[in-house]
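Q: File follows, my_file.txt with compact mmCIF, C-alpha atoms:
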# COMPACT_ATOMS: atom_id res chain seq x y z
CA MET A 1 -64.41 1.13 4.71
CA ILE A 2 -63.27 -0.60 1.55
CA ARG A 3 -61.75 2.67 0.37
CA ARG A 4 -59.75 3.01 3.58
CA LEU A 5 -58.50 -0.52 3.24
CA LEU A 6 -57.45 0.14 -0.35
CA VAL A 7 -55.55 3.29 0.69
CA ALA A 8 -53.80 1.42 3.51
CA ALA A 9 -52.88 -1.42 1.15
CA ALA A 10 -51.56 1.08 -1.40
CA VAL A 11 -49.41 2.79 1.24
CA LEU A 12 -47.96 -0.51 2.41
CA THR A 13 -47.32 -1.65 -1.15
CA LEU A 14 -45.63 1.59 -2.18
CA ALA A 15 -43.47 1.56 0.95
CA ALA A 16 -41.71 -1.46 -0.53
CA CYS A 17 -40.68 0.66 -3.51
CA MET A 18 -38.82 3.23 -1.43
CA GLU A 19 -35.12 3.64 -2.03
CA VAL A 20 -32.97 2.17 0.67
CA GLU A 21 -30.10 4.03 2.29
CA GLN A 22 -26.95 3.31 0.24
CA ALA A 23 -24.33 4.06 2.88
CA SER A 24 -22.70 0.66 2.68
CA THR A 25 -19.56 1.29 4.64
CA PRO A 26 -19.54 2.16 8.33
CA GLU A 27 -16.79 4.75 7.72
CA ARG A 28 -19.21 7.04 5.91
CA GLN A 29 -21.01 9.66 7.97
CA ALA A 30 -23.43 12.37 6.98
CA GLY A 31 -21.71 15.38 5.43
CA GLN A 32 -18.39 13.59 5.17
CA THR A 33 -16.66 13.76 1.82
CA VAL A 34 -13.61 11.71 2.66
CA ARG A 35 -14.26 8.16 3.71
CA ARG A 36 -10.99 6.89 5.04
CA ASP A 37 -8.25 8.60 3.12
CA THR A 38 -5.68 10.67 4.94
CA ALA A 39 -5.64 14.32 3.96
CA ALA A 40 -2.47 15.37 2.12
CA TRP A 41 -1.60 18.03 4.72
CA ASN A 42 -1.64 15.48 7.53
CA ASN A 43 1.59 14.00 6.19
CA GLU A 44 5.07 14.87 7.29
CA PRO A 45 6.84 16.93 4.59
CA LEU A 46 9.81 15.29 2.86
CA ALA A 47 13.25 16.26 4.12
CA ASN A 48 14.22 17.93 0.85
CA GLY A 49 10.77 18.65 -0.49
CA PRO A 50 8.23 21.44 -0.11
CA LYS A 51 7.60 22.56 3.45
CA TRP A 52 4.38 23.00 5.41
CA SER A 53 3.28 22.43 8.98
CA LYS A 54 1.95 18.91 9.42
CA GLY A 55 -1.81 19.02 9.93
CA ASP A 56 -2.10 22.66 8.87
CA ARG A 57 -4.25 22.75 5.77
CA THR A 58 -3.69 26.46 5.15
CA SER A 59 0.09 26.19 5.03
CA TRP A 60 -0.14 23.18 2.70
CA GLU A 61 -2.47 25.05 0.36
CA GLU A 62 -0.25 28.12 0.39
CA GLN A 63 2.83 26.17 -0.65
CA ILE A 64 0.83 24.31 -3.34
CA LYS A 65 -0.43 27.60 -4.78
CA LYS A 66 3.08 29.03 -4.72
CA ARG A 67 4.36 25.93 -6.47
CA GLN A 68 1.65 26.28 -9.09
CA LEU A 69 3.05 29.62 -10.17
CA ALA A 70 5.95 27.69 -11.69
CA GLN A 71 3.41 26.77 -14.38
CA HIS A 72 3.09 30.46 -15.20
CA GLU A 73 6.14 31.08 -17.35
CA ASP A 74 5.80 34.88 -17.30
CA ARG A 75 6.03 35.03 -13.54
CA ARG A 76 8.68 32.33 -13.53
CA ILE A 77 10.88 34.39 -15.85
CA TYR A 78 10.38 37.75 -14.24
CA GLN A 79 10.35 36.68 -10.60
CA MET B 1 -10.06 26.02 0.05
CA ALA B 2 -8.10 24.43 -2.75
CA ARG B 3 -10.19 22.69 -5.41
CA MET B 4 -7.96 20.63 -7.69
CA LYS B 5 -8.56 20.83 -11.44
CA PHE B 6 -6.82 20.18 -14.75
CA LEU B 7 -6.82 22.55 -17.70
CA CYS B 8 -5.29 21.82 -21.11
CA ASP B 9 -4.45 24.79 -23.28
CA ALA B 10 -5.12 23.50 -26.82
CA GLU B 11 -3.23 26.47 -28.29
CA ARG B 12 -0.05 25.27 -26.63
CA CYS B 13 -0.17 21.47 -26.67
CA ILE B 14 2.33 20.15 -29.23
CA GLU B 15 1.44 16.46 -28.84
CA CYS B 16 4.81 15.59 -27.39
CA ASN B 17 3.22 13.02 -25.05
CA GLY B 18 5.51 14.16 -22.25
CA CYS B 19 2.52 14.14 -19.87
CA VAL B 20 1.67 10.55 -20.82
CA THR B 21 5.25 9.46 -20.27
CA ALA B 22 5.54 11.36 -16.98
CA CYS B 23 2.35 9.74 -15.70
CA LYS B 24 3.37 6.24 -16.73
CA ASN B 25 6.80 6.62 -15.22
CA GLU B 26 5.75 8.32 -11.99
CA ASN B 27 2.95 5.87 -11.23
CA GLU B 28 4.46 2.79 -12.89
CA VAL B 29 1.26 2.27 -14.84
CA PRO B 30 1.15 -1.18 -16.47
CA TRP B 31 1.05 -1.90 -20.18
CA GLY B 32 -2.36 -1.43 -21.72
CA VAL B 33 -3.43 1.24 -19.26
CA ASN B 34 -3.10 4.91 -20.11
CA ARG B 35 -4.29 7.16 -17.35
CA ARG B 36 -3.51 10.13 -19.57
CA ARG B 37 -3.43 10.35 -23.34
CA VAL B 38 -3.10 13.05 -25.98
CA VAL B 39 -5.94 13.36 -28.47
CA THR B 40 -5.40 15.20 -31.76
CA ILE B 41 -8.20 16.48 -33.93
CA ASN B 42 -7.92 17.62 -37.55
CA ASP B 43 -4.65 15.75 -37.75
CA GLY B 44 -2.52 17.08 -40.60
CA VAL B 45 -4.86 19.92 -41.50
CA ILE B 46 -2.71 23.04 -41.53
CA GLY B 47 -3.93 25.63 -39.07
CA ALA B 48 -6.75 23.46 -37.76
CA GLU B 49 -4.84 20.76 -35.91
CA LYS B 50 -5.34 20.81 -32.17
CA SER B 51 -4.08 18.46 -29.50
CA ILE B 52 -5.50 18.02 -26.04
CA SER B 53 -4.16 16.05 -23.14
CA VAL B 54 -7.01 14.09 -21.59
CA ALA B 55 -7.33 12.25 -18.29
CA CYS B 56 -9.78 12.16 -15.41
CA MET B 57 -10.89 15.75 -14.86
CA HIS B 58 -12.02 15.11 -11.26
CA CYS B 59 -15.46 16.50 -12.07
CA SER B 60 -17.47 18.55 -9.62
CA ASP B 61 -20.47 16.29 -10.16
CA ALA B 62 -18.71 13.14 -11.28
CA PRO B 63 -20.88 10.77 -13.37
CA CYS B 64 -18.66 7.82 -12.44
CA MET B 65 -19.55 8.31 -8.78
CA ALA B 66 -23.22 8.41 -9.65
CA VAL B 67 -23.29 5.14 -11.59
CA CYS B 68 -20.91 2.95 -9.61
CA PRO B 69 -22.95 -0.03 -8.34
CA VAL B 70 -20.55 -0.77 -5.50
CA ASP B 71 -20.05 2.88 -4.54
CA CYS B 72 -16.26 2.65 -4.66
CA PHE B 73 -15.66 6.31 -5.52
CA TYR B 74 -15.06 9.08 -3.04
CA ARG B 75 -13.97 12.69 -3.15
CA THR B 76 -11.16 14.09 -1.06
CA SER B 77 -11.41 17.41 0.74
CA ASP B 78 -9.48 19.12 -2.05
CA GLY B 79 -11.88 17.90 -4.74
CA VAL B 80 -9.95 14.92 -6.13
CA VAL B 81 -12.15 12.01 -7.24
CA LEU B 82 -10.57 8.72 -6.16
CA HIS B 83 -11.73 5.14 -5.95
CA ASP B 84 -11.18 2.11 -3.79
CA LYS B 85 -9.81 -0.82 -5.78
CA ASP B 86 -10.76 -3.20 -2.97
CA LEU B 87 -14.40 -2.43 -3.67
CA CYS B 88 -14.25 -2.13 -7.49
CA ILE B 89 -15.70 -5.11 -9.37
CA GLY B 90 -14.53 -3.96 -12.82
CA CYS B 91 -18.06 -3.72 -14.22
CA GLY B 92 -17.20 -0.85 -16.55
CA TYR B 93 -20.20 1.35 -15.82
CA CYS B 94 -17.91 4.27 -14.98
CA PHE B 95 -16.26 3.96 -18.38
CA TYR B 96 -19.61 4.39 -20.13
CA ALA B 97 -20.59 7.29 -17.86
CA CYS B 98 -17.35 9.25 -18.11
CA PRO B 99 -17.42 11.99 -20.79
CA PHE B 100 -13.60 11.89 -20.98
CA GLY B 101 -13.04 8.13 -21.28
CA ALA B 102 -10.86 8.26 -18.20
CA PRO B 103 -11.51 4.87 -16.54
CA GLN B 104 -9.12 2.20 -17.78
CA PHE B 105 -9.35 -1.54 -17.34
CA PRO B 106 -6.30 -3.79 -17.39
CA GLN B 107 -6.78 -7.18 -18.95
CA ALA B 108 -7.06 -9.61 -16.07
CA GLY B 109 -6.99 -12.87 -17.98
CA ALA B 110 -8.00 -14.63 -21.14
CA PHE B 111 -11.16 -13.85 -23.11
CA GLY B 112 -10.99 -10.10 -22.43
CA LEU B 113 -11.68 -10.45 -18.72
CA ARG B 114 -11.46 -7.01 -17.14
CA GLY B 115 -9.48 -6.18 -14.05
CA LYS B 116 -10.22 -3.48 -11.54
CA MET B 117 -10.62 0.02 -12.87
CA ASP B 118 -7.59 2.28 -12.98
CA LYS B 119 -7.62 6.01 -13.58
CA CYS B 120 -5.76 9.24 -12.94
CA THR B 121 -5.55 9.96 -9.22
CA PHE B 122 -4.31 13.54 -9.60
CA CYS B 123 -1.16 11.96 -8.11
CA ALA B 124 -3.07 11.70 -4.83
CA GLY B 125 -2.81 7.95 -4.29
CA GLY B 126 -5.80 6.15 -2.84
CA PRO B 127 -7.40 5.03 0.40
CA GLU B 128 -4.37 3.02 1.54
CA ALA B 129 -1.95 4.64 4.02
CA ASP B 130 -0.30 7.63 2.39
CA LYS B 131 3.09 7.01 0.77
CA SER B 132 2.91 3.29 1.63
CA ASP B 133 3.98 0.48 -0.68
CA ALA B 134 0.41 -0.77 -0.88
CA GLU B 135 -0.79 2.63 -2.02
CA PHE B 136 1.94 2.89 -4.64
CA LYS B 137 1.26 -0.59 -6.04
CA LYS B 138 -2.47 -0.01 -6.36
CA TYR B 139 -2.75 3.67 -7.20
CA GLY B 140 0.70 5.08 -7.88
CA ARG B 141 2.62 7.85 -6.22
CA ASN B 142 0.98 10.25 -3.79
CA ARG B 143 2.61 13.53 -4.81
CA LEU B 144 0.02 15.70 -3.09
CA ALA B 145 1.07 14.15 0.22
CA GLU B 146 4.61 15.23 -0.66
CA GLY B 147 3.41 18.79 -1.27
CA LYS B 148 3.79 18.45 -5.04
CA LEU B 149 1.48 18.72 -8.03
CA PRO B 150 0.67 15.99 -10.59
CA ALA B 151 3.74 14.89 -12.54
CA CYS B 152 2.04 15.40 -15.93
CA ALA B 153 1.35 19.09 -15.30
CA GLU B 154 4.73 19.76 -13.75
CA MET B 155 6.52 18.00 -16.62
CA CYS B 156 4.64 19.73 -19.45
CA SER B 157 7.31 21.42 -21.56
CA THR B 158 5.05 24.06 -23.10
CA LYS B 159 2.99 24.48 -19.92
CA ALA B 160 -0.09 23.58 -21.94
CA LEU B 161 -1.30 21.26 -19.21
CA LEU B 162 -2.06 23.11 -16.01
CA GLY B 163 -2.97 21.26 -12.84
CA GLY B 164 -3.66 22.38 -9.31
CA ASP B 165 -5.96 24.74 -7.49
CA GLY B 166 -8.73 25.78 -9.88
CA ASP B 167 -8.54 29.47 -8.99
CA VAL B 168 -4.82 29.71 -9.67
CA ILE B 169 -4.85 27.84 -13.00
CA ALA B 170 -7.88 29.86 -14.13
CA ASP B 171 -5.92 33.04 -13.42
CA ILE B 172 -2.89 31.78 -15.35
CA TYR B 173 -5.08 30.80 -18.29
CA ARG B 174 -7.00 34.06 -18.24
CA GLU B 175 -3.78 36.08 -18.45
CA ARG B 176 -2.63 33.97 -21.40
CA VAL B 177 -5.89 34.40 -23.27
CA VAL B 178 -5.85 38.16 -22.76
CA ARG B 179 -2.22 38.35 -23.90
CA ARG B 180 -2.81 36.43 -27.11
CA GLY B 181 -5.95 38.35 -27.98
CA ASN B 182 -8.75 36.08 -26.82
CA LYS B 183 -7.51 33.19 -28.96
CA GLY B 184 -8.46 29.79 -27.54
CA ALA B 185 -10.56 31.30 -24.78
CA GLU B 186 -12.57 28.10 -24.41
CA ALA B 187 -11.06 26.01 -21.65
CA TRP B 188 -11.55 22.56 -23.14
CA GLY B 189 -13.66 20.19 -21.04
CA TRP B 190 -14.33 22.65 -18.23
CA GLY B 191 -18.01 22.93 -19.10
CA SER B 192 -18.48 19.16 -18.86
CA ALA B 193 -16.28 18.68 -15.84
CA TYR B 194 -16.96 21.67 -13.64
CA GLY B 195 -20.23 23.06 -14.99
CA GLN B 196 -20.90 26.15 -17.09
CA PRO B 197 -20.52 29.39 -15.14
CA PRO B 198 -23.80 31.29 -14.74
CA LYS B 199 -24.10 34.51 -16.70
CA GLY B 200 -22.13 37.22 -14.96
CA GLY B 201 -21.05 34.85 -12.23
CA VAL B 202 -18.35 32.37 -11.41
CA ALA B 203 -18.25 28.60 -11.94
CA PRO B 204 -20.05 26.51 -9.33
CA ALA B 205 -17.89 25.57 -6.39
CA ALA B 206 -17.31 22.04 -5.19
CA PRO B 207 -20.05 20.69 -2.95
CA ALA B 208 -19.43 21.69 0.65
CA GLY B 209 -20.37 18.38 2.16
CA GLY B 210 -21.75 15.00 1.32
CA LYS B 211 -21.06 12.80 -1.61
CA SER B 212 -21.95 14.30 -4.94
How does this structure look as structure tokens?
A:
Amino acid sequence: MIRRLLVAAAVLTLAACMEVEQASTPERQAGQTVRRDTAAWNNEPLANGPKWSKGDRTSWEEQIKKRQLAQHEDRRIYQ
Amino acid sequence: MARMKFLCDAERCIECNGCVTACKNENEVPWGVNRRRVVTINDGVIGAEKSISVACMHCSDAPCMAVCPVDCFYRTSDGVVLHDKDLCIGCGYCFYACPFGAPQFPQAGAFGLRGKMDKCTFCAGGPEADKSDAEFKKYGRNRLAEGKLPACAEMCSTKALLGGDGDVIADIYRERVVRRGNKGAEAWGWGSAYGQPPKGGVAPAAPAGGKS
């Protein structure tokens, strides 16, 4: 009996040491990496800037990757 | 899926500080704060001098995110590590955790009082509305929302500093290394920032979901 009481007391005591959930902001949800920032591709492209379809991540990534090739001087010269 | 990274080619960097200037100008970074800086080792030693442009590397498993007591950091879908200045208390833990010394603290008053942390945003702004005045004042310009790459990488005259999708810059760098005969094959800081690639495999990808 005493042993059972000791085990129960130990369980209750250790429960106080458990780590609490640290999701402090209501915006955060499980599996969500972005809290409340707008994704870059959800913006309207500038009138004279690079073009992509607003809200289309693939087209935004394609134009970014194409733009990146300007950092590759060999391709930039021979293109 | 694009995963944004920086890579500095130490064989090419000539310590011109063009990246530092571009960053300060583009984001109107205040005095005393350098989001990007150029570090030179073996200064003056002929043949051994190397310069590296250093800023936040937007690590895959960012130590700053792990230690922040107010949990002000977050990661965007394209792998950029950003923070919320409304939550930051300027404690400086992130500065001690960061292997690149990226977090900067403006002086907020007398007696060395620290202001809110400031760091490279990969020219991706912050949690305020994209391209708004509030975002610009707190975090600088949001070039990614304009379909552009970070100003420092785009301004680099020798193309030593590469920035953008990790796969593309790794390809550019690989071609360079092959062309110059394996010289400078070590991509500086990539091991610390993005993890060492397993033997015979590729570098670990960004976490698919959840805060890392």
Q: Which residues come within 7 Å of A:Glu44, counting all atoms listed in the file, excluding same-chain residues fewer than 2 positions away, as a short mmCIF file (atom, residue, chain, number, x, y, z; two decimals) with C-alpha atoms, in the coordinates of the input?
A:
data_model
loop_
_atom_site.label_atom_id
_atom_site.label_comp_id
_atom_site.auth_asym_id
_atom_site.auth_seq_id
_atom_site.Cartn_x
_atom_site.Cartn_y
_atom_site.Cartn_z
CA ASN A 42 -1.64 15.48 7.53
CA LEU A 46 9.81 15.29 2.86
CA LYS A 54 1.95 18.91 9.42
#
Q: Using Å and a single decimal, report how far atom CA of B:Thr21 sits from atom CA of B:Glu135.
A: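 These atoms are spaced 20.4 Å apart.
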Q: One decimal, in Å: what's the spacing between atom CA of B:Cys23 and atom CA of B:Met57?
A: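 The value is 14.6 Å.
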Q: B:Tyr139: which residues within 12 Å, counting all atoms listed in the file, same-chain residues fewer than 3 positions away excluded, as an NGL selection string?
A: :B and (23-24 or 26-30 or 35 or 82-86 or 116-136 or 142-143)
Q: Could you state the separation of atom CA of B:Pro150 and atom CA of B:Val70 in Å, given to one decimal place?
A: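 Straight-line distance from atom CA of B:Pro150 to atom CA of B:Val70 works out to 27.5 Å.
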Q: Quick one: which residues from chain B are at most 9 Å off chain A, using only C-alpha atoms, as a ChimeraX atom specification?
A: /B:1-2,70-71,74-78,124,126-131,142-149,153-154,156,159-165,168-169,172-173,208-212
